[in-house]
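Some notes on the structure that comes next.
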Amino acid sequence: MEMPEATVAICKCKETHKTYGVRFEKIVPRHWKYTWAFPMKESTAKHEGYDGTIIDGAIEPDEEYPGCPYCGAKYFVICSCGKLNCKIGNGLLFTCEWCGQTGQLINYTGSGIQAGGDR
């Protein structure tokens with residue numbers, strides 16, 4: 001059996017402000033499921049190249065996704081800077097843990113994420 005294409009992106013917890021890794025598996029072209037999350041230092045993410053991960057297309061949680069290892073959130077906010085943050089609560093306003101931008105939440109269009117750096 002062939003192993004699915006997989007990659008890791010980094011995310012920041014809105015509650016603890018800590019960084020963690022999220023494993024994504026490609027289901028079909030331009031469709032990914034996130035399957036696992038684990039604590040990770042930013043320096044480790046950079047060393048492993050996870051700060052440069054790019055994922056293009058639709059993303060959704062696997063039914064067994066455990067959530068953020070710090071706060072348990074099962075969903076993300078993707079900032080216009082391209083980076084992932086935990087999605088906590090039902091509020092419509094958001095502040096990015098990476099770049100500090102604030103704004104109103106909108107639905108993800110599948111335009112892609114970039115785990116580190118500018119888009």
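Going through the structure tokens in order, the chains are called A, B, and so on, while each chain numbers its residues from 1 and the ligands are numbered from 1 in the order shown.
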With a distance cut-off of 12 Å and only C-alpha atoms, select the neighbouring residues of Leu92 in chain A, excluding the residue or stretch itself and same-chain residues fewer than 3 positions from it, and output the selection as a PDB file with N, CA and C atoms, in the first residue's frame.
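selection.pdb was written with the following content:
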ATOM      1  N   VAL A  77      -7.732  29.359  12.037  1.00  0.00           N
ATOM      2  CA  VAL A  77      -7.927  30.601  11.306  1.00  0.00           C
ATOM      3  C   VAL A  77      -6.676  30.754  10.463  1.00  0.00           C
ATOM      4  N   LYS A  87      -8.531  28.262  16.164  1.00  0.00           N
ATOM      5  CA  LYS A  87      -9.841  28.922  16.135  1.00  0.00           C
ATOM      6  C   LYS A  87     -10.529  28.595  17.448  1.00  0.00           C
ATOM      7  N   ILE A  88     -10.676  29.605  18.299  1.00  0.00           N
ATOM      8  CA  ILE A  88     -11.298  29.431  19.598  1.00  0.00           C
ATOM      9  C   ILE A  88     -12.574  30.264  19.648  1.00  0.00           C
ATOM     10  N   GLY A  89     -13.661  29.638  20.052  1.00  0.00           N
ATOM     11  CA  GLY A  89     -14.913  30.356  20.233  1.00  0.00           C
ATOM     12  C   GLY A  89     -15.621  30.672  18.930  1.00  0.00           C
ATOM     13  N   THR A  95      -7.260  38.235  15.963  1.00  0.00           N
ATOM     14  CA  THR A  95      -5.921  38.819  15.929  1.00  0.00           C
ATOM     15  C   THR A  95      -4.924  37.690  15.693  1.00  0.00           C
ATOM     16  N   THR A 102      -5.392  42.342  12.778  1.00  0.00           N
ATOM     17  CA  THR A 102      -6.723  42.058  13.295  1.00  0.00           C
ATOM     18  C   THR A 102      -7.716  42.212  12.153  1.00  0.00           C
ATOM     19  N   GLY A 103      -8.823  41.507  12.266  1.00  0.00           N
ATOM     20  CA  GLY A 103      -9.843  41.601  11.232  1.00  0.00           C
ATOM     21  C   GLY A 103     -11.020  40.723  11.547  1.00  0.00           C
ATOM     22  N   GLN A 104     -11.954  40.707  10.617  1.00  0.00           N
ATOM     23  CA  GLN A 104     -13.159  39.910  10.761  1.00  0.00           C
ATOM     24  C   GLN A 104     -12.959  38.580  10.048  1.00  0.00           C
ATOM     25  N   LEU A 105     -13.452  37.510  10.654  1.00  0.00           N
ATOM     26  CA  LEU A 105     -13.314  36.188  10.060  1.00  0.00           C
ATOM     27  C   LEU A 105     -14.246  36.031   8.871  1.00  0.00           C
ATOM     28  N   ILE A 106     -13.731  35.367   7.824  1.00  0.00           N
ATOM     29  CA  ILE A 106     -14.525  35.004   6.659  1.00  0.00           C
ATOM     30  C   ILE A 106     -14.276  33.529   6.380  1.00  0.00           C
ATOM     31  N   ASN A 107     -15.062  32.905   5.529  1.00  0.00           N
ATOM     32  CA  ASN A 107     -14.862  31.506   5.181  1.00  0.00           C
ATOM     33  C   ASN A 107     -13.607  31.333   4.338  1.00  0.00           C
TER      34      ASN A 107
END
_Let's see if you can do this: from backbone DSSP, list all helix (DSSP H, G or I) residues in chain A, as number ranges by chain._
A: 42-48, 50-52
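Restricting the calculation to only C-alpha atoms, the smallest distance between Thr19 in chain A and any of A:Met40, A:Ala6, A:Ile59, A:Ala45 is found for A:Met40.
Of the residues under consideration (A:Gly21, A:Ile27, A:Ala73, A:Tyr50), A:Ile27 shows the shortest atom-to-atom contact distance to Met3 in chain A when counting only C-alpha atoms.
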*Find the residues near Tyr70 in chain A: any atom within 8 Å, counting only C-alpha atoms, skip ones fewer than 4 places away on the same chain, and give them as an MDAnalysis selection string.*
chainID A and resid 13 15:16 18
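Between Asp51 in chain A and the residues A:Val22, A:Gln101, A:Lys14, A:Glu2, the shortest atom-to-atom distance, using only C-alpha atoms, involves A:Val22.
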_Secondary structure check, strand (DSSP E or B) residues of chain A, as a ChimeraX atom specification_ = /A:6-12,19-28,31-39,54-55,58-61,76-78,84-86,93-95,102-104,113-114
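The space separating CA of Trp98 in chain A from CA of Pro29 in chain A comes to 28.1 Å.
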Show me, as a PDB file with C-alpha atoms, in the first residue's frame, the residues that have an atom within 6 Å of Arg23 in chain A when counting only C-alpha atoms, minus same-chain residues fewer than 6 positions from it.
ATOM      1  CA  THR A   7       3.396  17.420   5.201  1.00  0.00           C
ATOM      2  CA  VAL A   8       3.623  19.385   8.441  1.00  0.00           C
ATOM      3  CA  TYR A  34      -5.308  17.453   9.033  1.00  0.00           C
ATOM      4  CA  THR A  35      -4.775  14.338  11.101  1.00  0.00           C
ATOM      5  CA  TRP A  36      -2.455  14.985  14.020  1.00  0.00           C
TER       6      TRP A  36
END
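For the choices A:Trp32, A:Phe76, A:Phe38, A:Tyr20, the atom-to-atom distance to Asp62 in chain A is smallest for A:Trp32 when using only C-alpha atoms.
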_So that I can see what lies close to Ala58 in chain A, please list as a VMD selection string the residues with an atom at most 7 Å from it, counting only C-alpha atoms and leaving out residues fewer than 2 positions away in the same chain._
chain A and resid 30 to 32 60 110
Write the residues of the preceding selection, restricted to all heavy atoms, as a PDB file, in the first residue's frame.
ATOM      1  N   ARG A  30      -5.487  19.102  -4.413  1.00  0.00           N
ATOM      2  CA  ARG A  30      -6.094  20.301  -3.821  1.00  0.00           C
ATOM      3  C   ARG A  30      -7.117  19.997  -2.726  1.00  0.00           C
ATOM      4  O   ARG A  30      -8.051  20.746  -2.513  1.00  0.00           O
ATOM      5  CB  ARG A  30      -6.701  21.192  -4.902  1.00  0.00           C
ATOM      6  CG  ARG A  30      -5.656  21.811  -5.833  1.00  0.00           C
ATOM      7  CD  ARG A  30      -6.194  22.884  -6.738  1.00  0.00           C
ATOM      8  NE  ARG A  30      -7.131  23.809  -6.167  1.00  0.00           N
ATOM      9  CZ  ARG A  30      -6.833  24.900  -5.443  1.00  0.00           C
ATOM     10  NH1 ARG A  30      -5.582  25.192  -5.188  1.00  0.00           N
ATOM     11  NH2 ARG A  30      -7.770  25.695  -4.989  1.00  0.00           N
ATOM     12  N   HIS A  31      -6.948  18.878  -2.023  1.00  0.00           N
ATOM     13  CA  HIS A  31      -7.820  18.559  -0.880  1.00  0.00           C
ATOM     14  C   HIS A  31      -6.991  17.833   0.180  1.00  0.00           C
ATOM     15  O   HIS A  31      -6.440  16.778  -0.081  1.00  0.00           O
ATOM     16  CB  HIS A  31      -8.986  17.667  -1.314  1.00  0.00           C
ATOM     17  CG  HIS A  31     -10.035  17.550  -0.263  1.00  0.00           C
ATOM     18  ND1 HIS A  31     -11.368  17.715  -0.542  1.00  0.00           N
ATOM     19  CD2 HIS A  31      -9.976  17.304   1.069  1.00  0.00           C
ATOM     20  CE1 HIS A  31     -12.069  17.566   0.572  1.00  0.00           C
ATOM     21  NE2 HIS A  31     -11.232  17.306   1.551  1.00  0.00           N
ATOM     22  N   TRP A  32      -6.928  18.435   1.365  1.00  0.00           N
ATOM     23  CA  TRP A  32      -6.103  17.924   2.454  1.00  0.00           C
ATOM     24  C   TRP A  32      -6.939  17.726   3.711  1.00  0.00           C
ATOM     25  O   TRP A  32      -7.880  18.467   3.961  1.00  0.00           O
ATOM     26  CB  TRP A  32      -5.003  18.923   2.786  1.00  0.00           C
ATOM     27  CG  TRP A  32      -4.059  19.207   1.672  1.00  0.00           C
ATOM     28  CD1 TRP A  32      -4.269  20.017   0.598  1.00  0.00           C
ATOM     29  CD2 TRP A  32      -2.736  18.691   1.531  1.00  0.00           C
ATOM     30  NE1 TRP A  32      -3.159  20.046  -0.208  1.00  0.00           N
ATOM     31  CE2 TRP A  32      -2.203  19.240   0.351  1.00  0.00           C
ATOM     32  CE3 TRP A  32      -1.948  17.834   2.291  1.00  0.00           C
ATOM     33  CZ2 TRP A  32      -0.924  18.954  -0.094  1.00  0.00           C
ATOM     34  CZ3 TRP A  32      -0.674  17.550   1.854  1.00  0.00           C
ATOM     35  CH2 TRP A  32      -0.173  18.101   0.673  1.00  0.00           C
ATOM     36  N   GLU A  60      -9.579  20.235   5.772  1.00  0.00           N
ATOM     37  CA  GLU A  60     -10.615  19.881   6.735  1.00  0.00           C
ATOM     38  C   GLU A  60     -10.022  18.943   7.778  1.00  0.00           C
ATOM     39  O   GLU A  60      -9.028  18.266   7.512  1.00  0.00           O
ATOM     40  CB  GLU A  60     -11.805  19.222   6.046  1.00  0.00           C
ATOM     41  CG  GLU A  60     -11.468  17.878   5.427  1.00  0.00           C
ATOM     42  CD  GLU A  60     -12.637  17.252   4.705  1.00  0.00           C
ATOM     43  OE1 GLU A  60     -12.929  17.683   3.573  1.00  0.00           O
ATOM     44  OE2 GLU A  60     -13.260  16.336   5.285  1.00  0.00           O
ATOM     45  N   GLY A 110      -9.900  28.225   0.065  1.00  0.00           N
ATOM     46  CA  GLY A 110      -9.044  27.210  -0.536  1.00  0.00           C
ATOM     47  C   GLY A 110      -7.848  27.801  -1.255  1.00  0.00           C
ATOM     48  O   GLY A 110      -7.164  27.126  -2.012  1.00  0.00           O
TER      49      GLY A 110
END
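Of the listed residues A:Leu93, A:Cys81, A:Ile54, A:Ala37, the one whose atoms come nearest to Pro66 in chain A is A:Ala37, with distances taken using only C-alpha atoms.
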